[in-house]
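A short worksheet on the structure shown next.
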Amino acid sequence: MSDSSGPIFVSHAGRDGQWAEWVAWHLQENGYEVELDIWHWRPGEDFVKKMSEALEKASAVVALFSPQYFGPGRYTEEEWTAAVAGRDRFIPLVVEPLEAGQLPAILRPRIRRELHDLDEADALKALLDAVRGPLPRTTPPAFPGTKSARTSARPGLRPRFPSTTQDPDVWDVRQRRNPHFTGRDEIIEKVRTGLLGERRAAVRVLHGPGGVGKTQVALEYAHRFAGQYDLVWWVDAEQGEQVPARYAELAARVDVAKPEAGAEINARYAMEYLRTHERWLIVLDNAEDPKQLRSWLPEGAGHVLITARDPAWSRVVPGLALEVFSRVESLAYLERQLPTLSGGTADALADALGDLPLALAQAAGALDEGTPPDHYLQLLRTNTAQLLADGEVYDYPVSVAATVTIAADRLDADHPEAAAVLRLAAFLGPEPIPTTWLVKAREALTSVPGDPNDFRWPRNALQPLARLGLAVVGPDVFQVHRLTQAVVRHRAGGQAVGPVQDDVAGLFAAVDPGDPELPKNWPGWSFFIPHLTTALDTLVGRPELRPTLRKAAEYLARSAQSEAALGLSENLYETWTTSLGEDHPDTLHAAQLVGLALNDLSAFEECLPLATDLLERRRRVLGEDHPDTLSAAHDLALAYGQLDRGSEAYALLADIMPRREAALGEDHLDALRSVAAFGFTLMQMDRLDEAHSTLMYVLERFHRTSNSAHPNALDTSRVLGFTLYAMHRLDEAHAVLTNVLAQCQQVLGNKHTHTLQSAESLGRTLIALGRNSEAEQLLRTTKSRAREAYGVNNRLHIEITRTLAEALAAQGKTYDAQQLRASLKRKSLTKNRPR
């Protein structure tokens, strides 16, 4: 087998990085050009793009097989599939025994070389034989010292053979390897890549809040790569003044200490020893103050790994933020610890614990000792803080509750403003909180001590939270983990809760995301809603927040979050009916919001009696011509129209249109809505010419008032396009619907009701134009989005499915069309409220 001019791409799973380095090194030493992600790809680059480019230009792929290589969900599955397809030079090397059935069928015919049971000399021979093939080389290898971008990118020290059992000459890691360690391969690979990418004094810091497993990752790294170092030294750096003592112990261990010198002097001797030696790893665990410890970062041809809560370390040395487990990692950990736990229960447990590694370890211990999983989940809902304080966690020094309590006690003593903000955040949701909220609401936060006009606010409150690992703080948002919140709420207790809840109400009163009808305000509402719903029980009875709560429900409805809109609206309606009475204006507003949500959920039969009752009550309480009464009449007309009672809808809209214009002005949005609904009703009644002129008229008014991109204007344009379709003016319909679909996607997103309806209408028009393949492609995408947004039993999803079946049948795809239509026969239109 002859060599090619392209590089050899070394493909490996993250855990097999040592094997990858060893293979790549020896291939380069023998004249081959090599591409290895750890050496040649910079942090932050697009991994998928880099891998695709590497596979495209590679003359051969050396794949390092191991159980991790074929693990579920790993990127290497796509990598080896692409590498094998149409490629002669795919060279599998087994670096760890594979379990039965792990090898995919596409790879089973390939001849493999086993390296894992060989000594280094035999493994090197097997590697080179596999790459060279049975024929002798016909060209001399390139001189190993040739300077090139690729050669210079590799680390300066030769990687040791991964199968070696040789331990470092100096080893002092005062924790045993965690046998339950799971996941984190990506972050460990980033650590290794970063450390290898620097010639001297390579330093990386893992920072993150308490309980995410920073120490466990550092411990796993130290054990996993121990064979690559001559010296590994662990320093407990939480107490900064004790760090020199550990370096002094190192000096004694490597025989450079002077008995008559003190700890500080001997520590400097250890630093000098490290400066003049190589292949060492220093771990500074739980390092607190970057300013205090910066002078204790050694120089030399070695590596330093730091773990810290304080993200300020990233200003001193390159940092990697460690977050909670991904859900895949959480489930893998629980499966490993509790093999009999069902997948659904494991997922519910991971969700309730917010994927926090320490909490998962604590829960696994409790379940393993006999606590039924369902009972544990119930206790998490009712006795969260007490549960998190109970039991020992062998992989971690303290429990979740103790971790939070120790940090919160320090906060209370040293940073009262930060402690008050933490208590405030504990009564909000676990989602990100915009820092601008603290600025807007500062004067309303009466439980927060200090000067409300302090120019350092809110930085002076947020920095201590980040430094002690109680929150993740960014430039725009900060976030407190749900379990930290639970412990802090439990600590607050008693008399402290009242003032904090007053501040929560003050915060929501001060922060107004704006008109909920306008899509430009929806991002602000998306931050607002999770926190509002978390605190809803304490807010729903506060009169000053009723307008905000109504606007929140309207936002959910207008942004097509219909289930959430119904849940919030019903809560408000039931609560205010009891506390305010059924005829109170706020109660009636809540009833109208319930009807709006039911209409969006296609629950028209349920919506009709509610709309009828609302109109009667408003007529009685407010009078015939009150704007709220006219709004209720408009909603009743919409319900009539959806139930094919067009004549009743027509009569009601014809009555209220001029009255709304007189009461509000002809260009008011509510007046325009009634005119647009009248045009829709005319279209339903097959009075197409009248519908067309009415819709054109109202769209011109939307445009005149700079509301042409308003959601109601976009939906009116869709109805106009459908009217043109019904009039057989297909080219015009196609132009209108193409334009409105693009606008809906831009303004409202791909899964909004108006967007999906526009796409369905455009699909119908394409079929009528004979452009069936285009229609099929559009409708398949639209059907998938409707299913994700609303489920398979929603009226809109069913309509899209029917139209897709028409597109298939028009192309002669009879079987596929029949299958779709058969699936519809097993469904019925949603008549009852979907829950």
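Here's how to read the names in the structure tokens: chain A, B, ... by the order shown, residue numbers from 1 in each chain, ligand numbers from 1 in the order shown.
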(request) Write out as JSON, numbers by chain which residues come within 8 Å of region 512-514 of chain A when counting only C-alpha atoms, dropping same-chain ones fewer than 3 positions away. (result) {"A": [508, 509, 521, 522, 524, 525, 528, 548]}
Neighbours of Pro499 (chain A) within 12 Å (only C-alpha atoms; same-chain residues fewer than 3 positions away dropped), as a PDB file with C-alpha atoms, in the first residue's frame?
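To be explicit, this is the file written out as part.pdb:
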```
ATOM      1  CA  ALA A 420     -30.650  39.768  49.947  1.00  0.00           C
ATOM      2  CA  ARG A 423     -33.061  35.402  48.789  1.00  0.00           C
ATOM      3  CA  LEU A 424     -34.969  37.365  46.154  1.00  0.00           C
ATOM      4  CA  PHE A 427     -38.414  32.963  45.156  1.00  0.00           C
ATOM      5  CA  ALA A 444     -38.694  48.801  45.154  1.00  0.00           C
ATOM      6  CA  LEU A 445     -36.353  46.226  46.752  1.00  0.00           C
ATOM      7  CA  THR A 446     -36.839  47.265  50.369  1.00  0.00           C
ATOM      8  CA  SER A 447     -35.281  44.101  51.808  1.00  0.00           C
ATOM      9  CA  VAL A 448     -31.955  44.881  50.103  1.00  0.00           C
ATOM     10  CA  ALA A 492     -35.130  32.284  54.963  1.00  0.00           C
ATOM     11  CA  GLY A 493     -38.225  30.923  56.710  1.00  0.00           C
ATOM     12  CA  GLY A 494     -40.443  32.753  59.166  1.00  0.00           C
ATOM     13  CA  GLN A 495     -40.577  36.528  59.250  1.00  0.00           C
ATOM     14  CA  ALA A 496     -38.008  37.016  56.461  1.00  0.00           C
ATOM     15  CA  ASP A 502     -43.025  42.029  48.813  1.00  0.00           C
ATOM     16  CA  ASP A 503     -39.809  42.616  46.900  1.00  0.00           C
ATOM     17  CA  VAL A 504     -40.739  39.912  44.373  1.00  0.00           C
ATOM     18  CA  ALA A 505     -44.012  41.747  43.762  1.00  0.00           C
ATOM     19  CA  GLY A 506     -42.143  45.044  43.529  1.00  0.00           C
TER      20      GLY A 506
END
```
(message) Show me, as a ChimeraX atom specification, the residues that have an atom within 8 Å of region 619-626 of chain A when counting only C-alpha atoms, minus same-chain residues fewer than 4 positions from it.
(response) /A:583,615,630,659,663
Keeping only all heavy atoms, write the selected residues as a CSV table (one decimal), in the first residue's frame.
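Output file again-v7.csv is given in full below:
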```csv
chain,number,residue,atom,x,y,z
A,583,ASP,N,-68.4,39.4,38.3
A,583,ASP,CA,-68.7,40.5,37.5
A,583,ASP,C,-67.6,41.6,37.6
A,583,ASP,O,-67.7,42.7,37.0
A,583,ASP,CB,-70.0,41.2,37.8
A,583,ASP,CG,-71.2,40.3,37.3
A,583,ASP,OD1,-70.9,39.5,36.4
A,583,ASP,OD2,-72.3,40.4,37.8
A,615,LEU,N,-70.3,38.1,27.0
A,615,LEU,CA,-71.0,39.2,26.3
A,615,LEU,C,-72.2,39.7,27.2
A,615,LEU,O,-72.4,40.9,27.4
A,615,LEU,CB,-71.4,38.9,24.9
A,615,LEU,CG,-72.2,39.9,24.1
A,615,LEU,CD1,-71.4,41.2,24.1
A,615,LEU,CD2,-72.5,39.4,22.7
A,630,LEU,N,-67.9,45.5,23.3
A,630,LEU,CA,-67.7,45.3,21.9
A,630,LEU,C,-66.6,44.3,21.6
A,630,LEU,O,-66.7,43.5,20.6
A,630,LEU,CB,-67.3,46.7,21.2
A,630,LEU,CG,-68.4,47.7,21.3
A,630,LEU,CD1,-67.9,49.1,20.7
A,630,LEU,CD2,-69.7,47.3,20.5
A,659,ARG,N,-69.7,50.5,15.3
A,659,ARG,CA,-69.7,51.0,16.7
A,659,ARG,C,-68.2,51.0,17.3
A,659,ARG,O,-67.9,51.9,18.1
A,659,ARG,CB,-70.6,50.1,17.6
A,659,ARG,CG,-72.1,50.3,17.2
A,659,ARG,CD,-73.0,49.2,17.6
A,659,ARG,NE,-72.9,49.0,19.1
A,659,ARG,CZ,-73.3,47.9,19.7
A,659,ARG,NH1,-73.7,46.8,19.0
A,659,ARG,NH2,-73.2,47.8,21.0
A,663,ALA,N,-66.3,54.3,18.6
A,663,ALA,CA,-65.9,54.3,20.0
A,663,ALA,C,-64.3,54.5,20.1
A,663,ALA,O,-63.8,55.2,21.0
A,663,ALA,CB,-66.3,53.1,20.7
```
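In this structure, CA of Tyr815 (chain A) sits 26.3 Å away from CA of Tyr790 (chain A).
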(message) Just list as an MDAnalysis selection string whatever in region 299-341 of chain A DSSP marks as strand (DSSP E or B).
(response) chainID A and resid 301:308 319:321
Pull N, CA and C atoms from the residues just selected and write them as a PDB file, in the first residue's frame.
```pdb
ATOM      1  N   ALA A 301       7.992  23.336  32.115  1.00  0.00           N
ATOM      2  CA  ALA A 301       7.403  22.480  31.081  1.00  0.00           C
ATOM      3  C   ALA A 301       6.459  21.471  31.710  1.00  0.00           C
ATOM      4  N   GLY A 302       5.482  21.975  32.423  1.00  0.00           N
ATOM      5  CA  GLY A 302       4.491  21.118  33.054  1.00  0.00           C
ATOM      6  C   GLY A 302       3.109  21.714  32.915  1.00  0.00           C
ATOM      7  N   HIS A 303       2.175  21.142  33.637  1.00  0.00           N
ATOM      8  CA  HIS A 303       0.776  21.544  33.532  1.00  0.00           C
ATOM      9  C   HIS A 303       0.220  21.886  34.911  1.00  0.00           C
ATOM     10  N   VAL A 304      -0.633  22.901  34.940  1.00  0.00           N
ATOM     11  CA  VAL A 304      -1.346  23.282  36.156  1.00  0.00           C
ATOM     12  C   VAL A 304      -2.837  23.240  35.860  1.00  0.00           C
ATOM     13  N   LEU A 305      -3.583  22.528  36.701  1.00  0.00           N
ATOM     14  CA  LEU A 305      -5.038  22.460  36.580  1.00  0.00           C
ATOM     15  C   LEU A 305      -5.646  23.010  37.861  1.00  0.00           C
ATOM     16  N   ILE A 306      -6.503  23.997  37.714  1.00  0.00           N
ATOM     17  CA  ILE A 306      -7.115  24.680  38.851  1.00  0.00           C
ATOM     18  C   ILE A 306      -8.613  24.407  38.842  1.00  0.00           C
ATOM     19  N   THR A 307      -9.195  24.181  40.019  1.00  0.00           N
ATOM     20  CA  THR A 307     -10.649  24.176  40.147  1.00  0.00           C
ATOM     21  C   THR A 307     -11.042  25.330  41.051  1.00  0.00           C
ATOM     22  N   ALA A 308     -12.119  26.026  40.691  1.00  0.00           N
ATOM     23  CA  ALA A 308     -12.514  27.213  41.445  1.00  0.00           C
ATOM     24  C   ALA A 308     -13.988  27.507  41.202  1.00  0.00           C
ATOM     25  N   GLY A 319      -9.791  29.732  31.016  1.00  0.00           N
ATOM     26  CA  GLY A 319     -10.784  29.038  31.824  1.00  0.00           C
ATOM     27  C   GLY A 319     -11.754  28.218  31.005  1.00  0.00           C
ATOM     28  N   LEU A 320     -12.318  27.212  31.649  1.00  0.00           N
ATOM     29  CA  LEU A 320     -13.369  26.382  31.082  1.00  0.00           C
ATOM     30  C   LEU A 320     -14.512  26.351  32.087  1.00  0.00           C
ATOM     31  N   ALA A 321     -15.686  26.810  31.679  1.00  0.00           N
ATOM     32  CA  ALA A 321     -16.840  26.809  32.573  1.00  0.00           C
ATOM     33  C   ALA A 321     -17.425  25.397  32.641  1.00  0.00           C
TER      34      ALA A 321
END
```
(request) List the neighbours of region 754-760 of chain A out to 8 Å using only C-alpha atoms; skip same-chain residues closer than 6 positions along the sequence, and give me the result as a ChimeraX atom specification. (result) /A:711,714-715,718,737,740-741,744-745,748,778-779,782,785-786,796,799-800,803
Would you put the residues from that selection into a file with all heavy atoms, as a compact mmCIF listing (two decimals), in the first residue's frame?
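Result written to result-v3.txt:
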```txt
# COMPACT_ATOMS: atom_id res chain seq x y z
N PRO A 711 -49.12 41.05 13.80
CA PRO A 711 -49.63 39.69 13.57
C PRO A 711 -51.02 39.65 12.96
O PRO A 711 -51.31 38.79 12.11
CB PRO A 711 -49.62 39.08 14.98
CG PRO A 711 -48.49 39.79 15.67
CD PRO A 711 -48.53 41.18 15.15
N LEU A 714 -50.68 40.35 9.28
CA LEU A 714 -50.11 39.20 8.57
C LEU A 714 -51.18 38.13 8.35
O LEU A 714 -51.27 37.53 7.26
CB LEU A 714 -48.94 38.63 9.36
CG LEU A 714 -47.71 39.55 9.50
CD1 LEU A 714 -46.65 38.90 10.37
CD2 LEU A 714 -47.14 39.89 8.13
N ASP A 715 -52.00 37.89 9.38
CA ASP A 715 -53.04 36.88 9.21
C ASP A 715 -54.10 37.35 8.21
O ASP A 715 -54.64 36.55 7.44
CB ASP A 715 -53.69 36.58 10.56
CG ASP A 715 -54.54 35.31 10.49
OD1 ASP A 715 -54.05 34.30 9.96
OD2 ASP A 715 -55.69 35.35 10.96
N ARG A 718 -52.83 36.58 4.89
CA ARG A 718 -53.02 35.14 4.58
C ARG A 718 -54.44 34.88 4.10
O ARG A 718 -54.66 34.15 3.12
CB ARG A 718 -52.73 34.30 5.82
CG ARG A 718 -53.00 32.81 5.60
CD ARG A 718 -53.00 32.04 6.90
NE ARG A 718 -54.12 32.41 7.76
CZ ARG A 718 -55.34 31.89 7.65
NH1 ARG A 718 -55.62 31.00 6.70
NH2 ARG A 718 -56.30 32.25 8.48
N LEU A 737 -49.17 34.80 -0.77
CA LEU A 737 -48.88 33.82 0.29
C LEU A 737 -47.39 33.59 0.45
O LEU A 737 -46.91 33.34 1.57
CB LEU A 737 -49.60 32.50 -0.04
CG LEU A 737 -51.13 32.57 0.09
CD1 LEU A 737 -51.78 31.33 -0.50
CD2 LEU A 737 -51.53 32.74 1.56
N VAL A 740 -46.31 36.58 2.55
CA VAL A 740 -46.77 36.57 3.94
C VAL A 740 -46.10 35.44 4.73
O VAL A 740 -45.81 35.60 5.92
CB VAL A 740 -48.31 36.47 4.02
CG1 VAL A 740 -48.82 35.08 3.69
CG2 VAL A 740 -48.78 36.88 5.41
N LEU A 741 -45.81 34.31 4.09
CA LEU A 741 -45.10 33.24 4.78
C LEU A 741 -43.71 33.70 5.19
O LEU A 741 -43.28 33.46 6.34
CB LEU A 741 -45.02 31.99 3.90
CG LEU A 741 -44.21 30.82 4.49
CD1 LEU A 741 -44.77 30.37 5.82
CD2 LEU A 741 -44.16 29.65 3.50
N CYS A 744 -44.13 36.06 8.13
CA CYS A 744 -44.48 35.34 9.35
C CYS A 744 -43.28 34.62 9.95
O CYS A 744 -43.06 34.62 11.17
CB CYS A 744 -45.60 34.33 9.07
SG CYS A 744 -47.23 35.07 8.88
N GLN A 745 -42.49 33.98 9.09
CA GLN A 745 -41.30 33.28 9.59
C GLN A 745 -40.33 34.25 10.24
O GLN A 745 -39.73 33.96 11.28
CB GLN A 745 -40.63 32.54 8.43
CG GLN A 745 -41.41 31.34 7.95
CD GLN A 745 -40.83 30.72 6.69
OE1 GLN A 745 -40.24 31.42 5.85
NE2 GLN A 745 -40.99 29.41 6.53
N LEU A 748 -42.69 36.07 13.42
CA LEU A 748 -43.35 35.23 14.41
C LEU A 748 -42.63 33.92 14.68
O LEU A 748 -42.88 33.29 15.72
CB LEU A 748 -44.78 34.92 13.94
CG LEU A 748 -45.66 36.13 13.61
CD1 LEU A 748 -46.99 35.66 13.05
CD2 LEU A 748 -45.87 36.98 14.85
N LEU A 778 -42.77 21.57 1.10
CA LEU A 778 -43.22 22.58 2.04
C LEU A 778 -44.13 21.99 3.12
O LEU A 778 -43.98 22.27 4.32
CB LEU A 778 -43.95 23.69 1.29
CG LEU A 778 -44.65 24.76 2.14
CD1 LEU A 778 -43.63 25.55 2.96
CD2 LEU A 778 -45.47 25.68 1.26
N LEU A 779 -45.06 21.16 2.70
CA LEU A 779 -46.06 20.64 3.64
C LEU A 779 -45.48 19.59 4.58
O LEU A 779 -45.93 19.47 5.72
CB LEU A 779 -47.24 20.05 2.85
CG LEU A 779 -48.08 21.12 2.12
CD1 LEU A 779 -48.99 20.46 1.09
CD2 LEU A 779 -48.90 21.93 3.13
N THR A 782 -43.88 21.67 7.20
CA THR A 782 -44.92 22.33 7.99
C THR A 782 -45.63 21.34 8.91
O THR A 782 -45.92 21.64 10.08
CB THR A 782 -45.95 23.00 7.06
OG1 THR A 782 -45.26 23.86 6.16
CG2 THR A 782 -46.96 23.79 7.84
N ARG A 785 -43.47 20.65 11.93
CA ARG A 785 -43.48 21.76 12.88
C ARG A 785 -44.79 21.85 13.64
O ARG A 785 -44.81 22.15 14.84
CB ARG A 785 -43.18 23.07 12.14
CG ARG A 785 -41.75 23.17 11.66
CD ARG A 785 -41.54 24.34 10.70
NE ARG A 785 -40.14 24.47 10.33
CZ ARG A 785 -39.69 25.20 9.32
NH1 ARG A 785 -40.55 25.90 8.58
NH2 ARG A 785 -38.40 25.25 9.04
N ALA A 786 -45.89 21.60 12.95
CA ALA A 786 -47.20 21.64 13.62
C ALA A 786 -47.31 20.53 14.65
O ALA A 786 -47.87 20.73 15.74
CB ALA A 786 -48.32 21.50 12.58
N LEU A 796 -55.22 22.12 13.18
CA LEU A 796 -54.29 22.64 12.17
C LEU A 796 -53.39 21.54 11.64
O LEU A 796 -53.16 21.44 10.44
CB LEU A 796 -53.46 23.78 12.78
CG LEU A 796 -52.43 24.44 11.86
CD1 LEU A 796 -53.07 24.93 10.58
CD2 LEU A 796 -51.73 25.59 12.59
N GLU A 799 -55.40 19.47 9.21
CA GLU A 799 -55.59 20.14 7.93
C GLU A 799 -54.34 20.07 7.07
O GLU A 799 -54.40 19.83 5.85
CB GLU A 799 -55.99 21.60 8.17
CG GLU A 799 -57.40 21.78 8.72
CD GLU A 799 -57.73 23.23 9.03
OE1 GLU A 799 -56.81 24.07 8.89
OE2 GLU A 799 -58.87 23.51 9.43
N ILE A 800 -53.19 20.29 7.69
CA ILE A 800 -51.93 20.22 6.95
C ILE A 800 -51.70 18.80 6.41
O ILE A 800 -51.24 18.61 5.28
CB ILE A 800 -50.76 20.67 7.85
CG1 ILE A 800 -50.91 22.16 8.21
CG2 ILE A 800 -49.42 20.43 7.18
CD1 ILE A 800 -50.01 22.62 9.35
N THR A 803 -53.82 18.22 3.34
CA THR A 803 -53.29 18.90 2.15
C THR A 803 -52.04 18.18 1.64
O THR A 803 -51.83 18.07 0.42
CB THR A 803 -52.96 20.36 2.49
OG1 THR A 803 -54.10 20.97 3.11
CG2 THR A 803 -52.61 21.14 1.24
```
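If only C-alpha atoms are the atoms counted, then among A:Met271, A:Val256, A:Val328, A:Ala218 the closest residue to Pro244 (chain A) is A:Met271.
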(request) Can you work out which one of A:Asp670, A:Asp454, A:Asp172, A:Asp347 has the shortest atom-to-atom distance to Glu329 (chain A), counting only C-alpha atoms? (result) A:Asp347
(request) Write out as number ranges by chain the residues lying within 12 Å of region 94-98 of chain A, counting only C-alpha atoms and excluding same-chain residues fewer than 2 positions away. (result) A: 11-13, 15-20, 22-23, 62-71, 91-92, 100-104, 110-118, 123, 126-127, 130, 161-163
(request) Go through A:Val217, A:Ile767, A:Leu470, A:Ala603 and flag the residue nearest Asp310 (chain A), using only C-alpha atoms for the distances. (result) A:Leu470
(request) Mind checking which residues fall within 6 Å of region 245-251 of chain A, counting only C-alpha atoms, ignoring those fewer than 4 positions away in the same chain, and posting them as number ranges by chain? (result) A: 256-257, 263, 266-267, 270
(request) Determine which residues of region 479-635 of chain A DSSP labels as helix (DSSP H, G or I) from the backbone of this structure, then write them out as a PyMOL selection string. (result) chain A and resi 482-510+519-534+536-539+543-558+562-580+585-600+604-622+627-635
(message) If we count only C-alpha atoms and set the cut-off at 12 Å, which residues sit around Ala366 (chain A), ignoring sequence neighbours fewer than 2 positions away in its own chain? Please answer as a VMD selection string.
(response) chain A and resid 337 to 338 359 to 364 368 to 373 375 to 377 379 387 to 394
Selected residues, N, CA, C and O atoms, written as an mmCIF file, in the first residue's frame, please.
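Result file is out-v5.cif:
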```cif
data_model
loop_
_atom_site.group_PDB
_atom_site.id
_atom_site.type_symbol
_atom_site.label_atom_id
_atom_site.label_comp_id
_atom_site.auth_asym_id
_atom_site.auth_seq_id
_atom_site.Cartn_x
_atom_site.Cartn_y
_atom_site.Cartn_z
ATOM 1 N N GLN A 337 -25.438 3.755 38.363
ATOM 2 C CA GLN A 337 -25.594 3.603 39.808
ATOM 3 C C GLN A 337 -26.786 2.734 40.170
ATOM 4 O O GLN A 337 -26.744 1.975 41.149
ATOM 5 N N LEU A 338 -27.871 2.875 39.397
ATOM 6 C CA LEU A 338 -29.136 2.207 39.725
ATOM 7 C C LEU A 338 -29.663 1.510 38.471
ATOM 8 O O LEU A 338 -30.560 2.016 37.799
ATOM 9 N N ALA A 359 -26.194 16.491 43.522
ATOM 10 C CA ALA A 359 -27.546 16.086 43.903
ATOM 11 C C ALA A 359 -27.884 14.700 43.364
ATOM 12 O O ALA A 359 -28.553 13.904 44.040
ATOM 13 N N LEU A 360 -27.432 14.393 42.158
ATOM 14 C CA LEU A 360 -27.661 13.059 41.601
ATOM 15 C C LEU A 360 -26.939 11.996 42.416
ATOM 16 O O LEU A 360 -27.474 10.909 42.659
ATOM 17 N N ALA A 361 -25.716 12.308 42.843
ATOM 18 C CA ALA A 361 -24.976 11.363 43.680
ATOM 19 C C ALA A 361 -25.685 11.146 45.007
ATOM 20 O O ALA A 361 -25.786 10.018 45.511
ATOM 21 N N GLN A 362 -26.213 12.227 45.571
ATOM 22 C CA GLN A 362 -26.926 12.135 46.844
ATOM 23 C C GLN A 362 -28.207 11.314 46.682
ATOM 24 O O GLN A 362 -28.522 10.460 47.515
ATOM 25 N N ALA A 363 -28.925 11.541 45.597
ATOM 26 C CA ALA A 363 -30.155 10.797 45.347
ATOM 27 C C ALA A 363 -29.867 9.324 45.093
ATOM 28 O O ALA A 363 -30.581 8.447 45.593
ATOM 29 N N ALA A 364 -28.823 9.048 44.317
ATOM 30 C CA ALA A 364 -28.476 7.652 44.035
ATOM 31 C C ALA A 364 -28.165 6.902 45.326
ATOM 32 O O ALA A 364 -28.553 5.745 45.491
ATOM 33 N N ASP A 368 -30.354 3.793 46.628
ATOM 34 C CA ASP A 368 -29.637 2.532 46.793
ATOM 35 C C ASP A 368 -29.813 1.963 48.201
ATOM 36 O O ASP A 368 -29.714 0.760 48.407
ATOM 37 N N GLU A 369 -30.090 2.849 49.153
ATOM 38 C CA GLU A 369 -30.268 2.413 50.545
ATOM 39 C C GLU A 369 -31.716 2.099 50.872
ATOM 40 O O GLU A 369 -32.054 1.870 52.037
ATOM 41 N N GLY A 370 -32.603 2.124 49.866
ATOM 42 C CA GLY A 370 -33.956 1.639 50.087
ATOM 43 C C GLY A 370 -35.079 2.636 49.936
ATOM 44 O O GLY A 370 -36.250 2.266 50.085
ATOM 45 N N THR A 371 -34.801 3.901 49.631
ATOM 46 C CA THR A 371 -35.875 4.866 49.427
ATOM 47 C C THR A 371 -36.534 4.601 48.074
ATOM 48 O O THR A 371 -35.855 4.628 47.053
ATOM 49 N N PRO A 372 -37.852 4.376 48.041
ATOM 50 C CA PRO A 372 -38.518 4.166 46.743
ATOM 51 C C PRO A 372 -38.393 5.416 45.868
ATOM 52 O O PRO A 372 -38.547 6.536 46.363
ATOM 53 N N PRO A 373 -38.143 5.258 44.591
ATOM 54 C CA PRO A 373 -37.952 6.422 43.709
ATOM 55 C C PRO A 373 -39.128 7.400 43.719
ATOM 56 O O PRO A 373 -38.934 8.609 43.782
ATOM 57 N N HIS A 375 -41.290 7.918 46.056
ATOM 58 C CA HIS A 375 -41.324 8.606 47.350
ATOM 59 C C HIS A 375 -40.252 9.691 47.392
ATOM 60 O O HIS A 375 -40.489 10.787 47.918
ATOM 61 N N TYR A 376 -39.086 9.403 46.840
ATOM 62 C CA TYR A 376 -38.013 10.395 46.814
ATOM 63 C C TYR A 376 -38.427 11.611 45.986
ATOM 64 O O TYR A 376 -38.187 12.761 46.383
ATOM 65 N N LEU A 377 -39.073 11.354 44.846
ATOM 66 C CA LEU A 377 -39.541 12.463 44.014
ATOM 67 C C LEU A 377 -40.589 13.299 44.751
ATOM 68 O O LEU A 377 -40.607 14.530 44.642
ATOM 69 N N LEU A 379 -40.783 13.654 48.019
ATOM 70 C CA LEU A 379 -40.068 14.411 49.051
ATOM 71 C C LEU A 379 -39.338 15.608 48.447
ATOM 72 O O LEU A 379 -39.216 16.650 49.091
ATOM 73 N N LEU A 387 -34.359 17.088 52.573
ATOM 74 C CA LEU A 387 -33.863 15.932 51.833
ATOM 75 C C LEU A 387 -32.436 16.156 51.358
ATOM 76 O O LEU A 387 -31.595 15.247 51.406
ATOM 77 N N LEU A 388 -32.141 17.385 50.915
ATOM 78 C CA LEU A 388 -30.802 17.684 50.415
ATOM 79 C C LEU A 388 -29.767 17.761 51.516
ATOM 80 O O LEU A 388 -28.562 17.758 51.242
ATOM 81 N N ALA A 389 -30.213 17.845 52.765
ATOM 82 C CA ALA A 389 -29.281 17.867 53.898
ATOM 83 C C ALA A 389 -29.040 16.480 54.465
ATOM 84 O O ALA A 389 -28.159 16.290 55.312
ATOM 85 N N ASP A 390 -29.803 15.500 53.990
ATOM 86 C CA ASP A 390 -29.771 14.164 54.586
ATOM 87 C C ASP A 390 -28.827 13.246 53.830
ATOM 88 O O ASP A 390 -28.761 13.273 52.599
ATOM 89 N N GLY A 391 -28.105 12.424 54.571
ATOM 90 C CA GLY A 391 -27.293 11.381 53.965
ATOM 91 C C GLY A 391 -25.881 11.813 53.611
ATOM 92 O O GLY A 391 -25.591 12.998 53.482
ATOM 93 N N GLU A 392 -25.004 10.812 53.479
ATOM 94 C CA GLU A 392 -23.621 11.052 53.092
ATOM 95 C C GLU A 392 -23.453 10.824 51.586
ATOM 96 O O GLU A 392 -24.137 10.008 50.997
ATOM 97 N N VAL A 393 -22.518 11.566 51.021
ATOM 98 C CA VAL A 393 -22.197 11.405 49.604
ATOM 99 C C VAL A 393 -20.721 11.049 49.522
ATOM 100 O O VAL A 393 -19.862 11.893 49.779
ATOM 101 N N TYR A 394 -20.433 9.806 49.183
ATOM 102 C CA TYR A 394 -19.050 9.332 49.263
ATOM 103 C C TYR A 394 -18.143 9.971 48.225
ATOM 104 O O TYR A 394 -16.939 10.061 48.418
#
```
(request) Calculate how many Å separate CA of Lys440 (chain A) from CA of Ala510 (chain A), rounding to one decimal. (result)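 A separation of 6.3 Å between them.
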